[in-house]
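Containing compact mmCIF, C-alpha atoms: query06.txt.
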# COMPACT_ATOMS: atom_id res chain seq x y z
CA MET B 209 26.54 5.83 -4.17
CA ASN B 210 28.26 7.89 -6.85
CA GLY B 211 26.42 7.32 -10.11
CA VAL B 212 25.08 8.87 -13.30
CA PHE B 213 21.65 9.38 -11.73
CA ASP B 214 23.25 12.19 -9.66
CA LEU B 215 22.99 14.61 -12.56
CA ALA B 216 23.24 18.15 -11.19
CA GLY B 217 25.93 20.10 -12.98
CA THR B 218 26.66 17.42 -15.59
CA ASP B 219 27.66 19.15 -18.82
CA GLY B 220 27.27 17.94 -22.39
CA VAL B 221 24.05 15.92 -22.09
CA GLY B 222 22.28 18.09 -24.65
CA PRO B 223 19.42 20.58 -24.71
CA VAL B 224 16.18 20.24 -22.75
CA VAL B 225 13.54 19.12 -25.25
CA VAL B 226 10.02 20.32 -24.47
CA PRO B 227 7.23 19.03 -26.74
CA ASP B 228 4.22 21.27 -27.26
CA ASP B 229 1.95 18.69 -25.73
CA GLU B 230 2.10 15.06 -24.67
CA PRO B 231 -0.23 12.60 -22.96
CA VAL B 232 0.24 11.66 -19.28
CA PHE B 233 1.25 8.17 -20.43
CA ARG B 234 2.98 7.88 -23.80
CA ALA B 235 2.50 4.13 -24.25
CA GLU B 236 0.13 1.44 -22.98
CA TRP B 237 2.98 -0.26 -21.10
CA GLU B 238 3.56 2.93 -19.06
CA LYS B 239 0.01 2.59 -17.72
CA ALA B 240 0.82 -0.87 -16.35
CA VAL B 241 4.13 0.23 -14.82
CA PHE B 242 2.97 3.39 -13.03
CA PRO B 243 0.67 1.54 -10.55
CA MET B 244 3.44 -0.99 -9.76
CA PHE B 245 5.09 1.51 -7.40
CA ALA B 246 2.09 1.78 -5.07
CA MET B 247 0.94 -1.84 -5.42
CA CYS B 248 4.38 -3.44 -4.96
CA PHE B 249 4.96 -1.08 -2.02
CA ARG B 250 1.73 -2.46 -0.51
CA ALA B 251 2.96 -6.01 -1.17
CA GLY B 252 6.19 -5.36 0.75
CA PHE B 253 8.63 -5.14 -2.17
CA PHE B 254 10.26 -1.87 -1.03
CA GLY B 255 9.94 1.50 0.69
CA VAL B 256 10.30 4.66 -1.41
CA ASP B 257 14.00 5.08 -0.55
CA GLN B 258 14.76 1.46 -1.49
CA PHE B 259 12.75 1.94 -4.68
CA ARG B 260 15.04 4.86 -5.60
CA HIS B 261 18.16 2.89 -4.73
CA GLY B 262 17.04 0.07 -7.02
CA ILE B 263 16.84 2.63 -9.84
CA GLU B 264 20.29 3.96 -8.97
CA GLN B 265 21.74 0.49 -9.62
CA ILE B 266 20.55 0.36 -13.24
CA ASP B 267 23.37 0.03 -15.79
CA PRO B 268 24.48 3.67 -16.36
CA ALA B 269 24.09 3.61 -20.15
CA VAL B 270 20.60 2.12 -19.81
CA TYR B 271 19.71 4.68 -17.13
CA LEU B 272 20.52 7.59 -19.43
CA LYS B 273 19.01 6.16 -22.60
CA SER B 274 15.85 4.36 -21.46
CA PRO B 275 12.37 5.87 -21.06
CA TYR B 276 11.62 6.98 -17.49
CA TYR B 277 9.04 4.37 -16.52
CA GLU B 278 11.38 1.58 -17.65
CA HIS B 279 13.48 2.56 -14.59
CA TRP B 280 10.54 1.48 -12.45
CA VAL B 281 10.47 -1.92 -14.19
CA HIS B 282 14.13 -2.43 -13.27
CA THR B 283 13.64 -1.62 -9.59
CA VAL B 284 10.53 -3.86 -9.30
CA GLU B 285 12.55 -6.69 -10.85
CA HIS B 286 15.54 -5.92 -8.61
CA PHE B 287 13.53 -6.29 -5.39
CA GLY B 288 11.32 -9.07 -6.74
CA GLU B 289 14.43 -11.16 -7.41
CA LYS B 290 16.18 -10.17 -4.17
CA LEU B 291 13.17 -11.06 -2.03
CA GLY B 292 12.39 -14.27 -3.91
CA LYS B 293 9.04 -12.89 -5.10
CA LEU B 294 9.89 -13.17 -8.80
CA ASP B 295 11.32 -16.16 -10.67
CA MET B 296 13.56 -14.40 -13.20
CA ALA B 297 13.77 -17.42 -15.55
CA GLU B 298 9.99 -17.47 -15.68
CA LEU B 299 9.93 -13.71 -16.27
CA ASP B 300 12.34 -14.15 -19.20
CA ARG B 301 10.25 -16.99 -20.60
CA ARG B 302 7.03 -14.93 -20.44
CA THR B 303 8.82 -11.95 -21.97
CA GLU B 304 9.71 -14.07 -25.01
CA TYR B 305 6.12 -15.29 -25.19
CA TYR B 306 4.61 -11.77 -25.14
CA LEU B 307 7.25 -10.54 -27.58
CA ALA B 308 6.11 -13.21 -30.05
CA ASN B 309 2.43 -12.75 -29.08
CA PRO B 310 1.98 -9.10 -28.14
CA ASP B 311 -1.81 -9.36 -28.16
CA ALA B 312 -1.97 -12.48 -25.99
CA PRO B 313 -4.17 -11.81 -22.94
CA LEU B 314 -3.05 -11.39 -19.35
CA PRO B 315 -3.97 -14.24 -16.98
CA ALA B 316 -7.67 -14.37 -16.10
CA HIS B 317 -8.23 -13.15 -12.55
CA GLU B 318 -10.86 -11.91 -10.12
CA ASP B 319 -11.21 -8.27 -9.06
CA ASP B 320 -9.90 -7.54 -5.57
CA PRO B 321 -12.09 -5.02 -3.70
CA GLU B 322 -9.41 -4.52 -1.03
CA LEU B 323 -6.80 -3.56 -3.61
CA LEU B 324 -9.20 -1.12 -5.24
CA ALA B 325 -9.99 0.36 -1.83
CA PHE B 326 -6.25 0.73 -1.21
CA VAL B 327 -5.87 2.77 -4.41
CA GLU B 328 -8.81 5.00 -3.51
CA ALA B 329 -7.38 5.55 -0.01
CA VAL B 330 -3.66 5.94 -0.69
CA VAL B 331 -3.91 8.52 -3.48
CA PRO B 332 -5.44 11.25 -1.26
CA ALA B 333 -3.72 10.13 1.97
CA GLY B 334 -0.20 9.45 0.74
CA ALA B 335 2.51 7.96 2.92
CA PRO B 336 4.08 10.77 4.98
CA ALA B 337 7.81 10.53 5.80
CA GLY B 338 7.61 12.61 9.00
CA ARG B 339 8.24 10.58 12.16
CA PRO B 340 8.24 11.44 15.85
CA SER B 341 11.73 11.53 17.34
CA ASP B 342 13.28 12.68 20.59
CA LYS B 343 16.46 13.67 18.76
CA VAL B 344 17.32 17.34 19.27
CA ALA B 345 17.89 19.34 16.08
CA ARG B 346 21.59 20.22 16.01
CA PHE B 347 21.08 23.21 13.72
CA SER B 348 18.96 26.35 13.63
CA VAL B 349 17.68 28.58 10.87
CA GLY B 350 20.48 31.07 10.16
CA ASP B 351 23.33 28.68 10.96
CA VAL B 352 26.07 28.50 8.35
CA VAL B 353 26.84 24.83 7.69
CA ARG B 354 29.06 22.62 5.55
CA VAL B 355 27.90 19.36 3.94
CA ASP B 356 29.95 16.25 4.67
CA ARG B 357 32.04 15.57 1.57
CA SER B 358 32.46 11.80 1.94
CA SER B 359 31.09 9.33 -0.66
CA PRO B 360 28.88 6.60 0.83
CA LYS B 361 28.69 3.39 -1.21
CA GLY B 362 24.98 2.81 -0.55
CA HIS B 363 21.91 5.02 -0.95
CA THR B 364 22.17 8.66 0.11
CA ARG B 365 20.49 11.92 -0.88
CA ARG B 366 23.73 13.84 -0.40
CA ALA B 367 24.23 14.79 -4.06
CA ARG B 368 27.83 15.26 -5.20
CA TYR B 369 27.42 18.93 -6.10
CA VAL B 370 26.61 19.97 -2.52
CA ARG B 371 29.25 17.82 -0.79
CA GLY B 372 31.78 20.02 0.95
CA ALA B 373 29.77 23.14 0.08
CA VAL B 374 28.95 25.83 2.65
CA GLY B 375 25.45 27.31 2.90
CA GLU B 376 22.86 28.73 5.27
CA VAL B 377 20.03 26.84 6.95
CA VAL B 378 16.79 28.55 5.83
CA LEU B 379 14.09 26.05 6.85
CA HIS B 380 13.74 23.33 9.46
CA HIS B 381 11.18 20.63 8.68
CA GLY B 382 11.46 18.29 11.68
CA PRO B 383 12.41 14.60 11.80
CA MET B 384 11.72 12.39 8.79
CA ILE B 385 12.71 8.89 7.61
CA TYR B 386 16.49 8.84 6.98
CA PRO B 387 17.19 7.62 3.43
CA ASP B 388 20.78 6.66 4.25
CA THR B 389 19.45 3.86 6.45
CA ALA B 390 15.93 3.25 5.02
CA GLY B 391 17.22 3.12 1.43
CA ASN B 392 19.78 0.51 2.45
CA GLY B 393 17.31 -1.73 4.30
CA LEU B 394 18.55 -0.57 7.72
CA GLY B 395 15.38 0.96 9.18
CA GLU B 396 13.75 4.38 9.30
CA ASN B 397 16.03 5.99 11.94
CA PRO B 398 14.37 9.46 11.61
CA GLU B 399 16.63 12.52 11.47
CA HIS B 400 15.87 16.25 11.29
CA VAL B 401 15.54 17.68 7.79
CA TYR B 402 16.60 21.20 6.83
CA THR B 403 16.68 23.28 3.66
CA VAL B 404 20.10 24.84 3.03
CA ARG B 405 20.69 27.75 0.66
CA PHE B 406 23.87 27.58 -1.41
CA SER B 407 24.91 30.52 -3.60
CA ASN B 408 25.59 29.72 -7.25
CA ALA B 409 29.18 30.93 -6.75
CA GLU B 410 29.68 28.50 -3.85
CA LEU B 411 28.52 25.55 -5.98
CA TRP B 412 30.09 26.33 -9.34
CA GLY B 413 32.76 28.97 -8.68
CA GLU B 414 32.48 32.72 -9.23
CA GLU B 415 33.79 32.46 -12.78
CA HIS B 416 31.31 29.80 -13.93
CA ALA B 417 28.19 30.67 -11.93
CA GLU B 418 25.16 32.57 -13.19
CA PRO B 419 24.68 35.88 -11.33
CA ASN B 420 22.04 36.58 -8.69
CA GLY B 421 20.96 33.03 -7.92
CA ALA B 422 21.04 30.25 -5.37
CA VAL B 423 20.15 26.58 -5.00
CA TYR B 424 17.98 25.36 -2.11
CA PHE B 425 18.75 21.76 -1.18
CA ASP B 426 17.25 19.54 1.54
CA VAL B 427 19.60 17.71 3.90
CA TRP B 428 19.31 15.43 6.92
CA ASP B 429 21.01 16.38 10.20
CA PRO B 430 23.94 13.89 9.93
CA TYR B 431 24.97 15.42 6.57
CA LEU B 432 25.95 18.72 8.23
CA GLU B 433 28.66 20.29 10.34
CA LEU B 434 28.43 23.76 11.86
CA VAL B 435 30.62 26.50 10.39
CA THR B 436 29.14 29.60 12.08
CA PRO B 437 26.11 29.74 14.40
CA ALA B 438 23.23 32.03 13.45
CA ALA B 439 23.95 35.65 14.34
CA GLY B 440 22.39 36.69 17.64
CA SER B 441 21.19 33.22 18.60
CA ALA B 442 22.47 30.86 21.24
CA ALA B 443 24.35 28.14 19.35
CA ALA B 444 22.45 25.40 21.21
CA ALA B 445 18.93 26.79 20.68
CA PRO B 446 16.94 24.28 18.60
CA ALA B 447 15.13 25.49 15.51
CA THR B 448 11.36 25.41 15.33
CA PRO B 449 9.76 23.26 12.65
CA GLY B 450 7.83 24.97 9.88
CA GLY B 451 8.06 28.61 8.91
CA THR B 452 8.31 30.31 5.56
CA PRO B 453 11.37 30.55 3.34
CA ALA B 454 13.89 33.21 4.32
CA MET Q 85 20.89 -6.28 -14.15
CA SER Q 86 20.40 -5.95 -17.90
CA ASP Q 87 22.74 -3.67 -19.87
CA LYS Q 88 20.56 -3.84 -22.97
CA ILE Q 89 18.78 -0.80 -24.35
CA ARG Q 90 15.37 -2.16 -25.23
CA THR Q 91 13.00 -1.18 -28.01
CA GLN Q 92 9.45 -0.11 -27.18
CA GLU Q 93 8.24 -3.57 -28.29
CA GLU Q 94 10.73 -5.29 -25.99
CA ILE Q 95 9.79 -3.08 -23.04
CA ALA Q 96 6.09 -3.70 -23.66
CA ALA Q 97 6.67 -7.48 -23.65
CA ARG Q 98 8.79 -7.29 -20.49
CA VAL Q 99 6.13 -5.22 -18.73
CA LYS Q 100 3.33 -7.55 -19.78
CA ALA Q 101 5.33 -10.53 -18.50
CA LEU Q 102 5.98 -8.79 -15.17
CA GLU Q 103 2.37 -7.65 -14.93
CA SER Q 104 1.16 -11.21 -15.56
CA MET Q 105 3.27 -12.55 -12.69
CA LEU Q 106 2.21 -9.77 -10.29
CA ILE Q 107 -1.43 -10.43 -11.21
CA GLU Q 108 -1.04 -14.13 -10.45
CA GLN Q 109 0.47 -13.26 -7.07
CA GLY Q 110 -2.47 -10.98 -6.25
CA VAL Q 111 -0.20 -7.90 -6.12
CA MET Q 112 -2.08 -6.19 -8.96
CA THR Q 113 -5.42 -6.49 -10.74
CA THR Q 114 -6.29 -4.90 -14.06
CA GLN Q 115 -9.24 -3.21 -12.33
CA ALA Q 116 -6.95 -1.48 -9.78
CA ILE Q 117 -4.42 -0.60 -12.50
CA ASP Q 118 -7.13 1.01 -14.64
CA ARG Q 119 -8.44 2.99 -11.68
CA MET Q 120 -5.01 4.33 -10.75
CA VAL Q 121 -4.36 5.38 -14.35
CA GLU Q 122 -7.77 7.04 -14.56
CA ILE Q 123 -7.05 9.07 -11.42
CA TYR Q 124 -3.81 10.52 -12.78
CA GLU Q 125 -5.10 10.97 -16.32
CA HIS Q 126 -8.34 12.72 -15.39
CA GLU Q 127 -8.59 13.69 -11.70
CA VAL Q 128 -5.21 14.69 -10.27
CA GLY Q 129 -3.43 17.26 -12.43
CA PRO Q 130 -2.29 20.88 -12.69
CA GLN Q 131 -5.89 22.11 -12.71
CA LEU Q 132 -5.83 21.47 -8.94
CA GLY Q 133 -2.71 23.58 -8.40
CA ALA Q 134 -4.33 26.32 -10.48
CA GLN Q 135 -7.32 26.34 -8.11
CA VAL Q 136 -4.96 26.85 -5.17
CA VAL Q 137 -3.11 29.66 -6.95
CA VAL Q 138 -6.31 31.53 -7.81
CA LYS Q 139 -7.61 31.12 -4.27
CA ALA Q 140 -4.32 32.59 -2.98
CA TRP Q 141 -4.61 35.49 -5.44
CA THR Q 142 -8.16 36.33 -4.37
CA ASP Q 143 -8.14 35.52 -0.63
CA PRO Q 144 -5.31 37.19 1.37
CA GLY Q 145 -5.99 35.05 4.45
CA PHE Q 146 -5.69 31.87 2.38
CA ARG Q 147 -2.48 33.15 0.77
CA GLU Q 148 -0.96 33.60 4.22
CA ARG Q 149 -2.01 30.11 5.30
CA LEU Q 150 -0.66 28.66 2.04
CA LEU Q 151 2.75 30.25 2.56
CA ALA Q 152 2.85 29.24 6.24
CA ASP Q 153 1.72 25.64 5.70
CA SER Q 154 0.95 24.64 2.13
CA THR Q 155 -0.06 21.08 3.06
CA GLU Q 156 -2.83 22.20 5.43
CA ALA Q 157 -3.99 25.04 3.15
CA CYS Q 158 -4.35 22.67 0.17
CA LYS Q 159 -6.38 20.28 2.36
CA GLU Q 160 -8.90 23.11 2.83
CA LEU Q 161 -9.60 22.66 -0.90
CA GLY Q 162 -9.61 18.87 -0.66
CA ILE Q 163 -6.15 18.59 -2.25
CA SER Q 164 -3.62 16.20 -0.69
CA GLY Q 165 -1.91 12.88 -1.16
CA LEU Q 166 0.86 10.78 -2.65
CA GLN Q 167 4.09 12.63 -3.38
CA GLY Q 168 2.74 15.76 -1.76
CA GLU Q 169 2.42 14.68 1.85
CA ASP Q 170 4.51 17.74 2.83
CA LEU Q 171 4.04 20.64 0.43
CA VAL Q 172 5.82 24.02 0.42
CA ALA Q 173 4.52 26.81 -1.84
CA LEU Q 174 7.20 29.25 -3.01
CA GLU Q 175 5.95 32.74 -3.77
CA ASN Q 176 7.37 34.61 -6.73
CA THR Q 177 7.81 38.35 -6.15
CA ASP Q 178 9.23 41.35 -8.01
CA SER Q 179 12.68 40.35 -6.75
CA VAL Q 180 12.57 36.53 -6.51
CA HIS Q 181 11.75 33.85 -9.09
CA ASN Q 182 11.52 30.21 -7.96
CA VAL Q 183 11.93 27.03 -10.02
CA ILE Q 184 11.77 23.38 -8.97
CA VAL Q 185 13.73 20.26 -9.92
CA CYS Q 186 14.77 16.88 -8.53
CA THR Q 187 18.33 16.27 -9.68
CA LEU Q 188 18.68 12.81 -8.03
CA CYS Q 189 15.46 11.26 -9.35
CA SER Q 190 12.22 12.95 -10.42
CA CYS Q 191 10.36 14.08 -7.29
CA TYR Q 192 7.39 16.28 -8.14
CA PRO Q 193 4.33 17.54 -6.21
CA TRP Q 194 1.69 15.17 -7.62
CA PRO Q 195 -1.40 16.39 -5.68
CA VAL Q 196 -1.15 19.91 -7.12
CA LEU Q 197 0.56 19.30 -10.49
CA GLY Q 198 -0.26 15.68 -11.39
CA LEU Q 199 2.45 13.46 -12.84
CA PRO Q 200 5.54 15.23 -14.18
CA PRO Q 201 6.10 15.95 -17.87
CA ASN Q 202 8.86 13.89 -19.45
CA TRP Q 203 11.31 16.78 -19.86
CA TYR Q 204 11.22 17.23 -16.06
CA LYS Q 205 12.39 13.62 -15.62
CA ASP Q 206 14.92 13.65 -18.48
CA PRO Q 207 18.67 13.87 -17.70
CA GLN Q 208 19.01 17.15 -19.63
CA TYR Q 209 16.79 19.26 -17.36
CA ARG Q 210 18.10 17.67 -14.16
CA ALA Q 211 21.70 18.23 -15.28
CA ALA Q 212 21.40 21.86 -16.30
CA ILE Q 213 18.79 23.63 -14.19
CA THR Q 214 20.86 24.03 -11.01
CA ARG Q 215 23.94 25.13 -12.97
CA GLU Q 216 22.46 27.44 -15.61
CA PRO Q 217 18.81 28.08 -14.76
CA ARG Q 218 18.55 31.35 -16.67
CA LYS Q 219 20.00 29.73 -19.78
CA VAL Q 220 17.64 26.72 -19.55
CA LEU Q 221 14.61 28.95 -19.04
CA ARG Q 222 15.62 31.14 -21.98
CA GLU Q 223 16.64 28.42 -24.46
CA ALA Q 224 14.17 25.61 -23.67
CA PHE Q 225 11.18 27.62 -22.47
CA SER Q 226 11.66 31.04 -24.17
CA PHE Q 227 11.31 32.56 -20.72
CA ASP Q 228 13.57 35.43 -19.69
CA VAL Q 229 14.08 36.29 -16.04
CA PRO Q 230 15.62 39.77 -15.67
CA GLU Q 231 19.06 39.84 -14.04
CA SER Q 232 17.65 42.06 -11.30
CA VAL Q 233 15.41 39.16 -10.21
CA GLU Q 234 17.09 36.47 -8.09
CA VAL Q 235 16.60 32.91 -9.41
CA ARG Q 236 16.14 30.31 -6.67
CA VAL Q 237 16.30 26.67 -7.75
CA TRP Q 238 14.73 24.24 -5.28
CA ASP Q 239 16.21 20.75 -5.60
CA SER Q 240 13.63 18.36 -4.09
CA SER Q 241 16.13 16.04 -2.38
CA SER Q 242 13.90 15.13 0.61
CA GLU Q 243 10.20 14.24 0.83
CA MET Q 244 9.30 17.95 1.00
CA ARG Q 245 7.53 18.86 -2.24
CA TYR Q 246 8.06 22.40 -3.46
CA TRP Q 247 5.95 24.22 -6.03
CA VAL Q 248 5.62 27.78 -7.22
CA LEU Q 249 2.97 30.41 -6.52
CA PRO Q 250 3.23 32.74 -9.54
CA GLN Q 251 2.53 36.47 -9.27
CA ARG Q 252 -0.93 37.71 -10.10
CA PRO Q 253 -0.65 39.99 -13.12
CA ALA Q 254 -1.51 43.66 -12.72
CA GLY Q 255 -4.85 44.71 -14.20
CA THR Q 256 -6.72 41.49 -13.31
CA GLU Q 257 -8.53 42.90 -10.27
CA ASP Q 258 -11.95 42.63 -11.89
CA TRP Q 259 -11.42 39.21 -13.46
CA SER Q 260 -13.66 36.25 -12.75
CA GLU Q 261 -12.31 33.08 -11.16
CA GLU Q 262 -12.69 31.34 -14.51
CA GLN Q 263 -10.59 33.98 -16.29
CA LEU Q 264 -7.90 33.76 -13.62
CA LEU Q 265 -7.80 29.95 -13.73
CA ALA Q 266 -7.10 30.11 -17.46
CA LEU Q 267 -3.91 32.10 -16.75
CA VAL Q 268 -2.28 29.49 -14.51
CA THR Q 269 -0.13 27.11 -16.57
CA ARG Q 270 1.61 24.00 -15.30
CA GLU Q 271 4.93 25.58 -16.34
CA SER Q 272 4.24 28.67 -14.20
CA MET Q 273 3.82 26.43 -11.12
CA ILE Q 274 7.09 24.57 -11.89
CA GLY Q 275 8.74 27.95 -12.40
CA VAL Q 276 9.91 27.41 -15.97
CA GLY Q 277 7.34 29.49 -17.77
CA PRO Q 278 5.11 32.53 -17.60
CA LEU Q 279 1.39 32.67 -17.04
CA ALA Q 280 -0.77 32.18 -20.12
CA GLU Q 281 -1.63 35.19 -22.25
CA ALA Q 282 -5.01 36.63 -21.43
CA ALA Q 283 -7.62 35.16 -23.77

Exercise: express the given structure as C-alpha cells:
Amino acid sequence: MNGVFDLAGTDGVGPVVVPDDEPVFRAEWEKAVFPMFAMCFRAGFFGVDQFRHGIEQIDPAVYLKSPYYEHWVHTVEHFGEKLGKLDMAELDRRTEYYLANPDAPLPAHEDDPELLAFVEAVVPAGAPAGRPSDKVARFSVGDVVRVDRSSPKGHTRRARYVRGAVGEVVLHHGPMIYPDTAGNGLGENPEHVYTVRFSNAELWGEEHAEPNGAVYFDVWDPYLELVTPAAGSAAAAPATPGGTPA
Amino acid sequence: MSDKIRTQEEIAARVKALESMLIEQGVMTTQAIDRMVEIYEHEVGPQLGAQVVVKAWTDPGFRERLLADSTEACKELGISGLQGEDLVALENTDSVHNVIVCTLCSCYPWPVLGLPPNWYKDPQYRAAITREPRKVLREAFSFDVPESVEVRVWDSSSEMRYWVLPQRPAGTEDWSEEQLLALVTRESMIGVGPLAEAA
C-alpha cells in the first residue's frame, strides 16, 4: 500500500535528532510492549510481515507523531480484534480504569515455564525467513533490472522510490518468505531475494542527487523485469546464493 | 483504528490494559516480560558487534569468513538470533563507506547491535538517509565522508540484516583486544559515525 510509512525521499520532515545518550527503553510501558511482538507471534496473532502491515494501517498523523513502540500496540490490537482474541470494549474499559488508577496492579497470575523457555530459545535462534523452493531464480548477479512500478493495495516491500527504477543485481540470497502474500494472509509462497544497486542519480535525478553514491535495496523475484543480462553470462544461467557484495 | 495522538499517561494506561488481557489469556507473563527486557537491556547489545569487529581486525581468516557469510561467522562467537537470522557484514574501505537504514519500518541487526536507537526508527532519518546521506552524516552526526569515498546506503527491505565492519585505524597494530574494543562504537557499525577517539 502507498502510505506515510514509506518514507524514503520524503522532504520537509525536519532534522535527525540524536541525543547524547538514552536508555534502551525510555518508559516502563515500552518494556511491556517490546515482548508483545514475540509472545503474540507465538500465540498466533501474526507473522512478521502481517505485523508490519498492521503498523502500516495506523492513521498517518498518528504514525508520524507517536512514539515507536506505540506502533506495536496498534498492530497487536489490530490483529487481536480481527482474530476475535481481544474484546475492544473491554480493552477500552480497562484503559479508563488504569488511566484513573495508574498504580493498580496487573491481574494475579502464575509463572509459565514454557513461555520462559520460549523466550530463552527464540532470542538466540530467531525465526529465519529462508525457505526451500524449487523455483528457479530468474535473475543473476550482474543483470540490469527494472522494478515493477505498479502500486499494490496490500502489503509489499516494493518502496515507492525504487518503483520503475533501473539497477544492477549485486547479491542473490535464495528463496525467502514473500511479504506480498505472507503480509496479506495469503501464505509464505517463497520467492528468490536479490540485492539491487541503484545509483543516486537513477533514484533522485542527476540534478538533485548527491555525488558518488548508491542505494542497495532488497527485492523479491516478482518485483523485477530484465533490462540487460549480465555481460558475458548466458541469460538463463541461475545465480548462486551467497557471495560478497560487488 | 484510533486517530488520537495519545499522551504518555494515556499510552501507559492503554498498554497496561492490553497487557492485563494478554496475561489473562496466558499469552504473556510478567516473568517472561521481565526476562525478555533483561536480555535486551543487558545481554544483547552493540558490545557483541564490537567483539566481532575486533576479531575480524585481528584474525584475517575470520575476516574472510565474516565477509563471505556473516551469519555463520558470528555463530562462531556464539552470536545469533532474532532479527539477525541472515546477517551481511559490509566492509568499509579507503574507497567505500557503508551505512544502514530501513526506510519502510525499522529493521535492524539485533544480535550484533541490540535494539535500535530512537533516531534510527524516527521518520527523519528514514526519510533523508537514502536521499542525502552525506548531509545527514555531516549535520546530525558531525561525520564527514570525503567526496572521493563512495557512500553506499543499504535499505534493509528484506529479512537480510546488514551491518558495517569499520576500518581498523592505522597505528593500532600493537593494541590489546581491550583497547581495540573501546574504539568500536554503535554508530560506527551503523555507518553514521567514526570510531571512538583513542583513550

### Message
I need the chain B residues near chain Q as number ranges by chain; criterion: at most 6 Å, counting only C-alpha atoms.
### Response
B: 213-218, 221, 224, 226, 237, 243, 267, 270, 302-303, 306-307, 314, 324, 331-334, 336, 420-426, 451-452

B:Tyr431: which residues within 12 Å, counting all atoms listed in the file, same-chain residues fewer than 3 positions away excluded, as an mmCIF file with C-alpha atoms, in the frame of the given file?
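As written to disk, around.cif reads:
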data_model
loop_
_atom_site.group_PDB
_atom_site.id
_atom_site.type_symbol
_atom_site.label_atom_id
_atom_site.label_comp_id
_atom_site.auth_asym_id
_atom_site.auth_seq_id
_atom_site.Cartn_x
_atom_site.Cartn_y
_atom_site.Cartn_z
ATOM 1 C CA ARG B 346 21.590 20.220 16.010
ATOM 2 C CA PHE B 347 21.080 23.210 13.720
ATOM 3 C CA VAL B 353 26.840 24.830 7.690
ATOM 4 C CA ARG B 354 29.060 22.620 5.550
ATOM 5 C CA VAL B 355 27.900 19.360 3.940
ATOM 6 C CA ASP B 356 29.950 16.250 4.670
ATOM 7 C CA ARG B 357 32.040 15.570 1.570
ATOM 8 C CA SER B 358 32.460 11.800 1.940
ATOM 9 C CA SER B 359 31.090 9.330 -0.660
ATOM 10 C CA PRO B 360 28.880 6.600 0.830
ATOM 11 C CA THR B 364 22.170 8.660 0.110
ATOM 12 C CA ARG B 365 20.490 11.920 -0.880
ATOM 13 C CA ARG B 366 23.730 13.840 -0.400
ATOM 14 C CA ALA B 367 24.230 14.790 -4.060
ATOM 15 C CA VAL B 370 26.610 19.970 -2.520
ATOM 16 C CA ARG B 371 29.250 17.820 -0.790
ATOM 17 C CA GLY B 372 31.780 20.020 0.950
ATOM 18 C CA ALA B 373 29.770 23.140 0.080
ATOM 19 C CA VAL B 374 28.950 25.830 2.650
ATOM 20 C CA TYR B 386 16.490 8.840 6.980
ATOM 21 C CA PRO B 387 17.190 7.620 3.430
ATOM 22 C CA ASP B 388 20.780 6.660 4.250
ATOM 23 C CA GLU B 399 16.630 12.520 11.470
ATOM 24 C CA HIS B 400 15.870 16.250 11.290
ATOM 25 C CA VAL B 401 15.540 17.680 7.790
ATOM 26 C CA TYR B 402 16.600 21.200 6.830
ATOM 27 C CA THR B 403 16.680 23.280 3.660
ATOM 28 C CA VAL B 404 20.100 24.840 3.030
ATOM 29 C CA PHE B 425 18.750 21.760 -1.180
ATOM 30 C CA ASP B 426 17.250 19.540 1.540
ATOM 31 C CA VAL B 427 19.600 17.710 3.900
ATOM 32 C CA TRP B 428 19.310 15.430 6.920
ATOM 33 C CA LEU B 434 28.430 23.760 11.860
#

### Message
Just the number, please: distance in Å from atom CA of B:Val225 to atom CA of Q:Arg222, one decimal.
### Response
12.6 Å

Padding of 8 Å on every side, edges along x, y and z, all listed atoms of stretch 103-108 of chain Q included: what centre and edge lengths in Å, to one decimal, does that box have, as AutoDock Vina command-line options?
--center_x 0.9 --center_y -10.9 --center_z -12.9 --size_x 20.7 --size_y 22.5 --size_z 21.3

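The two atoms in question, atom CA of B:Gly211 and atom CA of B:Pro268, are spaced 7.5 Å apart.
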
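Going from atom CA of B:Ile385 over to atom CA of B:Ser341, you cover 10.1 Å.
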
### Query
Contacts of B:Gly440 at 12 Å or less, counting only C-alpha atoms, minus same-chain residues fewer than 6 places along, as a list in words?
Ser348, Val349, Gly350 and Asp351 of chain B

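Residues within 7 Å of Q:Ala280, counting all atoms listed in the file and excluding same-chain residues fewer than 4 positions away, are Leu267, Val268 and Thr269 of chain Q.
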
### Message
Nearest residue to B:Tyr277 out of B:Val241, B:Trp412, B:Met296, B:Ala251, using all atoms listed in the file?
### Response
B:Val241
